[in-house]
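**Student:** Dropping a structure here in structure tokens format, bear with me for questions.
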Amino acid sequence: MDVMAVRTFVAVVDAGQFQEAATDLGITPQAVSKRVASLEKELGVRLFARDARGARPTIDGQAFLPHARAFLDSAERAIASVRPGHRALRVDVIGRQLSLSGLLRGFHRAHPEVELDVLTLFDSDAALAAVRDGTIDATFRAVTLPGRELPRGVEATAVFDEPLHLFTGARHEFADAPSLTPAQLAGRRIWMPGNLPGTEWAAYYDALGAAFGITIDAVGPDFGIEPLLDTIAASTTLATFVSEQTPLVWPAGHDLRRIPLKDPTPLYPHSLVWRADNPHPCLAALRGHLAAAYPGRPGSGVWTPHGSRDSGRLP
């Protein structure tokens, strides 16, 4: 349906005359008549009765009016959803169930007036291209590989570091350990079937395995988190890695264990990535909130991939 024709119909109803509606819309009376006639033809009804006093909506016009107003409201929201500077702030996270979503929830609590559109773009290259092209305003990505520059005009800064835990069942050899060093895991098999080749998290865990002699086993199939928890709970040899703040719920009978890693503590580093000339008025508020909440990375006692840095490179 022609939005301008519907808008013209509503303008005539509000003005009571075709001439005044034309003035309000900045078009000629002939254009108003043409638009209304086109709409009447599409609907198959007369919308106005015209006499010396002006234009009055017919019964069909009166029935159509509230829906026409709702139609225009919906059209305006649709336009605002993609209009730069007016649409919701679009932010990409890898998954809605991960701890990164908690960062956005914290921002929303601090800035409830900011409308958020949260997306989940699986591929980091697609996310970077969307930031570069301005179709999204920011993305959270792990800075894990050296040698790959950000697209021109795109910036990144560290906003969140997640310590890793070893995740085991109750019969695993390390199940009762209060903590472990990464060196103690040398030669052990860490099962991570969700580590798809080419993803930023696979690159991170490959670097971690190489640094400490840990075998990262990505052999699938990957049936999701619940089958993974079932398998880990029943195994005496399999373990996996989870981040400290990853929310997980499992049956009480599984008796799964989270064991912190120390000396050094592996950190999974998250950066906020945005385009420097992005005009969205709420992007600065998001950056400011995250900067204020980030304590900074410790200078010692932690491990990150050798390509990790506060800004400038991304896988």
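Numbering starts fresh at 1 for the residues of each chain in the structure tokens, the chains themselves are lettered A, B, ... in the order given, and ligands are numbered from 1 as they appear.
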Skip segment 108-118 of chain A itself and residues of its chain fewer than 4 positions away, then list as a PyMOL selection string all residues within 12 Å of it, counting only C-alpha atoms.

**Tutor:** chain A and resi 80-82+85-96+100-104+135-140+280-286+288-290+292-293

**Student:** Hey, can you spit out that residue selection with N, CA and C atoms as a compact mmCIF listing (two decimals), in the first residue's frame?

**Tutor:**
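After the write, out11.txt holds the following:
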# COMPACT_ATOMS: atom_id res chain seq x y z
N ALA A 80 12.34 4.34 11.02
CA ALA A 80 13.26 4.69 12.11
C ALA A 80 14.20 3.54 12.44
N SER A 81 13.78 2.30 12.18
CA SER A 81 14.62 1.15 12.52
C SER A 81 15.88 1.08 11.68
N VAL A 82 15.91 1.79 10.55
CA VAL A 82 17.09 1.76 9.68
C VAL A 82 17.66 3.14 9.42
N GLY A 85 21.21 7.49 13.00
CA GLY A 85 21.01 8.55 13.98
C GLY A 85 19.67 8.49 14.67
N HIS A 86 18.75 7.64 14.17
CA HIS A 86 17.43 7.56 14.78
C HIS A 86 17.07 6.14 15.20
N ARG A 87 17.62 5.14 14.51
CA ARG A 87 17.29 3.76 14.83
C ARG A 87 17.93 3.35 16.15
N ALA A 88 17.49 2.16 16.63
CA ALA A 88 18.08 1.60 17.84
C ALA A 88 19.57 1.36 17.66
N LEU A 89 20.31 1.39 18.77
CA LEU A 89 21.74 1.09 18.74
C LEU A 89 21.91 -0.41 18.48
N ARG A 90 22.54 -0.76 17.36
CA ARG A 90 22.71 -2.16 16.98
C ARG A 90 24.07 -2.67 17.45
N VAL A 91 24.02 -3.70 18.31
CA VAL A 91 25.24 -4.27 18.87
C VAL A 91 25.22 -5.77 18.65
N ASP A 92 26.34 -6.31 18.18
CA ASP A 92 26.47 -7.73 17.91
C ASP A 92 27.17 -8.44 19.06
N VAL A 93 26.60 -9.56 19.49
CA VAL A 93 27.27 -10.46 20.43
C VAL A 93 27.28 -11.85 19.80
N ILE A 94 28.27 -12.66 20.13
CA ILE A 94 28.39 -13.97 19.50
C ILE A 94 27.20 -14.86 19.88
N GLY A 95 26.74 -14.77 21.14
CA GLY A 95 25.61 -15.57 21.59
C GLY A 95 24.88 -14.86 22.71
N ARG A 96 23.57 -14.98 22.73
CA ARG A 96 22.77 -14.29 23.74
C ARG A 96 22.90 -14.91 25.12
N LEU A 100 28.83 -11.94 27.63
CA LEU A 100 28.82 -10.63 26.98
C LEU A 100 27.44 -9.99 27.01
N SER A 101 26.40 -10.82 26.95
CA SER A 101 25.06 -10.27 27.03
C SER A 101 24.84 -9.57 28.36
N GLY A 102 25.53 -10.05 29.40
CA GLY A 102 25.43 -9.39 30.70
C GLY A 102 25.97 -7.98 30.67
N LEU A 103 27.00 -7.74 29.86
CA LEU A 103 27.52 -6.38 29.71
C LEU A 103 26.44 -5.45 29.15
N LEU A 104 25.71 -5.94 28.17
CA LEU A 104 24.66 -5.11 27.57
C LEU A 104 23.49 -4.94 28.53
N THR A 135 26.16 -0.93 9.04
CA THR A 135 24.88 -1.59 9.25
C THR A 135 24.70 -2.05 10.69
N ILE A 136 25.79 -2.21 11.43
CA ILE A 136 25.71 -2.34 12.88
C ILE A 136 26.64 -1.29 13.49
N ASP A 137 26.39 -0.95 14.74
CA ASP A 137 27.16 0.12 15.38
C ASP A 137 28.38 -0.39 16.13
N ALA A 138 28.32 -1.62 16.63
CA ALA A 138 29.45 -2.14 17.39
C ALA A 138 29.33 -3.66 17.47
N THR A 139 30.45 -4.30 17.72
CA THR A 139 30.46 -5.74 17.95
C THR A 139 31.46 -6.06 19.05
N PHE A 140 31.18 -7.11 19.80
CA PHE A 140 32.14 -7.63 20.77
C PHE A 140 32.88 -8.78 20.12
N HIS A 280 25.94 7.47 15.44
CA HIS A 280 24.85 7.16 16.36
C HIS A 280 25.07 7.85 17.70
N PRO A 281 24.08 8.61 18.18
CA PRO A 281 24.30 9.41 19.39
C PRO A 281 24.47 8.59 20.67
N CYS A 282 24.09 7.29 20.65
CA CYS A 282 24.18 6.48 21.86
C CYS A 282 25.45 5.62 21.93
N LEU A 283 26.23 5.61 20.85
CA LEU A 283 27.44 4.79 20.85
C LEU A 283 28.44 5.28 21.89
N ALA A 284 28.56 6.59 22.04
CA ALA A 284 29.49 7.14 23.03
C ALA A 284 29.09 6.73 24.44
N ALA A 285 27.78 6.66 24.70
CA ALA A 285 27.32 6.24 26.03
C ALA A 285 27.70 4.79 26.30
N LEU A 286 27.58 3.91 25.30
CA LEU A 286 27.98 2.52 25.47
C LEU A 286 29.48 2.41 25.72
N GLY A 288 31.48 4.68 26.93
CA GLY A 288 31.79 5.24 28.25
C GLY A 288 31.42 4.29 29.36
N HIS A 289 30.27 3.64 29.26
CA HIS A 289 29.85 2.69 30.29
C HIS A 289 30.82 1.53 30.39
N LEU A 290 31.21 0.96 29.26
CA LEU A 290 32.12 -0.18 29.27
C LEU A 290 33.51 0.21 29.78
N ALA A 292 34.20 2.57 31.92
CA ALA A 292 34.13 2.78 33.37
C ALA A 292 34.06 1.46 34.13
N ALA A 293 33.47 0.44 33.52
CA ALA A 293 33.31 -0.85 34.19
C ALA A 293 34.53 -1.75 34.06

**Student:** Which of these residues is nearest to Thr231 of chain A, using only C-alpha atoms: A:Ala202, A:Met192, A:Ala22, A:Ala183?

**Tutor:**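 Checking each candidate against Thr231 of chain A, we get A:Met192 as the closest.
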
**Student:** For the atom pair atom CA of Leu196 of chain A and atom CA of Tyr268 of chain A, what is the interatomic distance in Å to one decimal place?

**Tutor:**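 That distance, rounded to one decimal, is 16.8 Å.
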
**Student:** Using DSSP on the backbone coordinates, identify the residues of segment 19-175 of chain A assigned to strand (DSSP E or B); present them as a ChimeraX atom specification.

**Tutor:** /A:48-51,54-57,89-92,116-119,138-142,149,154-168

**Student:** For the residues selected in the previous step, produce a file with N, CA and C atoms as a compact mmCIF listing (two decimals), in the first residue's frame.

**Tutor:**
# COMPACT_ATOMS: atom_id res chain seq x y z
N PHE A 48 -14.35 9.50 0.69
CA PHE A 48 -14.83 10.84 1.05
C PHE A 48 -16.12 11.17 0.32
N ALA A 49 -16.94 11.92 1.02
CA ALA A 49 -18.08 12.59 0.40
C ALA A 49 -17.76 14.08 0.39
N ARG A 50 -17.79 14.68 -0.79
CA ARG A 50 -17.41 16.08 -0.92
C ARG A 50 -18.65 16.93 -1.17
N ASP A 51 -18.72 18.07 -0.47
CA ASP A 51 -19.80 19.03 -0.67
C ASP A 51 -19.24 20.43 -0.46
N GLY A 54 -16.77 20.95 2.40
CA GLY A 54 -15.46 20.30 2.37
C GLY A 54 -15.56 18.83 2.07
N ALA A 55 -14.71 18.06 2.70
CA ALA A 55 -14.65 16.61 2.48
C ALA A 55 -14.86 15.89 3.81
N ARG A 56 -15.86 15.02 3.80
CA ARG A 56 -16.17 14.23 4.99
C ARG A 56 -15.94 12.76 4.70
N PRO A 57 -15.33 12.03 5.62
CA PRO A 57 -15.12 10.60 5.36
C PRO A 57 -16.44 9.86 5.30
N LEU A 89 20.31 1.39 18.77
CA LEU A 89 21.74 1.09 18.74
C LEU A 89 21.91 -0.41 18.48
N ARG A 90 22.54 -0.76 17.36
CA ARG A 90 22.71 -2.16 16.98
C ARG A 90 24.07 -2.67 17.45
N VAL A 91 24.02 -3.70 18.31
CA VAL A 91 25.24 -4.27 18.87
C VAL A 91 25.22 -5.77 18.65
N ASP A 92 26.34 -6.31 18.18
CA ASP A 92 26.47 -7.73 17.91
C ASP A 92 27.17 -8.44 19.06
N LEU A 116 18.01 -0.68 22.37
CA LEU A 116 19.05 -1.59 21.90
C LEU A 116 18.48 -2.61 20.94
N ASP A 117 19.21 -2.89 19.89
CA ASP A 117 18.90 -3.97 18.96
C ASP A 117 20.09 -4.92 19.00
N VAL A 118 19.92 -6.06 19.69
CA VAL A 118 21.03 -7.00 19.90
C VAL A 118 20.99 -8.07 18.82
N LEU A 119 22.09 -8.21 18.09
CA LEU A 119 22.21 -9.17 17.01
C LEU A 119 23.22 -10.25 17.39
N ALA A 138 28.32 -1.62 16.63
CA ALA A 138 29.45 -2.14 17.39
C ALA A 138 29.33 -3.66 17.47
N THR A 139 30.45 -4.30 17.72
CA THR A 139 30.46 -5.74 17.95
C THR A 139 31.46 -6.06 19.05
N PHE A 140 31.18 -7.11 19.80
CA PHE A 140 32.14 -7.63 20.77
C PHE A 140 32.88 -8.78 20.12
N ARG A 141 34.21 -8.68 20.05
CA ARG A 141 35.01 -9.72 19.43
C ARG A 141 36.27 -9.95 20.25
N ALA A 142 36.80 -11.16 20.15
CA ALA A 142 38.03 -11.50 20.86
C ALA A 142 39.23 -11.14 20.00
N GLU A 149 45.00 -6.62 10.42
CA GLU A 149 44.61 -5.28 10.81
C GLU A 149 43.10 -5.10 10.72
N VAL A 154 38.07 1.64 11.47
CA VAL A 154 37.46 0.84 12.53
C VAL A 154 38.42 0.77 13.71
N GLU A 155 37.89 0.93 14.91
CA GLU A 155 38.71 0.93 16.13
C GLU A 155 38.24 -0.16 17.09
N ALA A 156 39.11 -0.56 18.00
CA ALA A 156 38.77 -1.57 19.00
C ALA A 156 39.47 -1.23 20.31
N THR A 157 38.82 -1.59 21.40
CA THR A 157 39.45 -1.42 22.71
C THR A 157 38.98 -2.53 23.63
N ALA A 158 39.86 -2.99 24.50
CA ALA A 158 39.53 -4.05 25.45
C ALA A 158 38.45 -3.57 26.42
N VAL A 159 37.46 -4.42 26.66
CA VAL A 159 36.39 -4.05 27.58
C VAL A 159 36.08 -5.14 28.60
N PHE A 160 36.58 -6.36 28.38
CA PHE A 160 36.17 -7.45 29.27
C PHE A 160 37.14 -8.61 29.12
N ASP A 161 37.68 -9.09 30.24
CA ASP A 161 38.56 -10.26 30.25
C ASP A 161 37.92 -11.34 31.11
N GLU A 162 37.78 -12.55 30.55
CA GLU A 162 37.17 -13.65 31.29
C GLU A 162 38.21 -14.69 31.67
N PRO A 163 38.44 -14.93 32.96
CA PRO A 163 39.32 -16.03 33.36
C PRO A 163 38.70 -17.37 32.97
N LEU A 164 39.56 -18.34 32.64
CA LEU A 164 39.09 -19.67 32.27
C LEU A 164 39.05 -20.60 33.47
N HIS A 165 38.09 -21.52 33.45
CA HIS A 165 38.00 -22.61 34.42
C HIS A 165 38.06 -23.94 33.67
N LEU A 166 38.61 -24.95 34.33
CA LEU A 166 38.48 -26.31 33.83
C LEU A 166 37.15 -26.85 34.34
N PHE A 167 36.46 -27.54 33.47
CA PHE A 167 35.12 -28.04 33.79
C PHE A 167 35.15 -29.56 33.69
N THR A 168 34.88 -30.26 34.81
CA THR A 168 35.01 -31.72 34.85
C THR A 168 33.80 -32.35 35.54

**Student:** What does the structure give for the distance between atom CA of Ala21 of chain A and atom CA of Val6 of chain A, in Å to one decimal?

**Tutor:** 12.5 Å

**Student:** For Pro182 of chain A, which residue out of A:Leu238, A:Ile216, A:Leu208, A:Ala233 is the nearest one, using only C-alpha atoms?

**Tutor:**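 Ranked by minimum distance to Pro182 of chain A, first place goes to A:Leu208.
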
**Student:** Please identify all polymer residues within 12 Å of segment 251-256 of chain A, counting only C-alpha atoms, omitting same-chain residues fewer than 6 positions from it, and present them as a count of residues only.

**Tutor:** 24
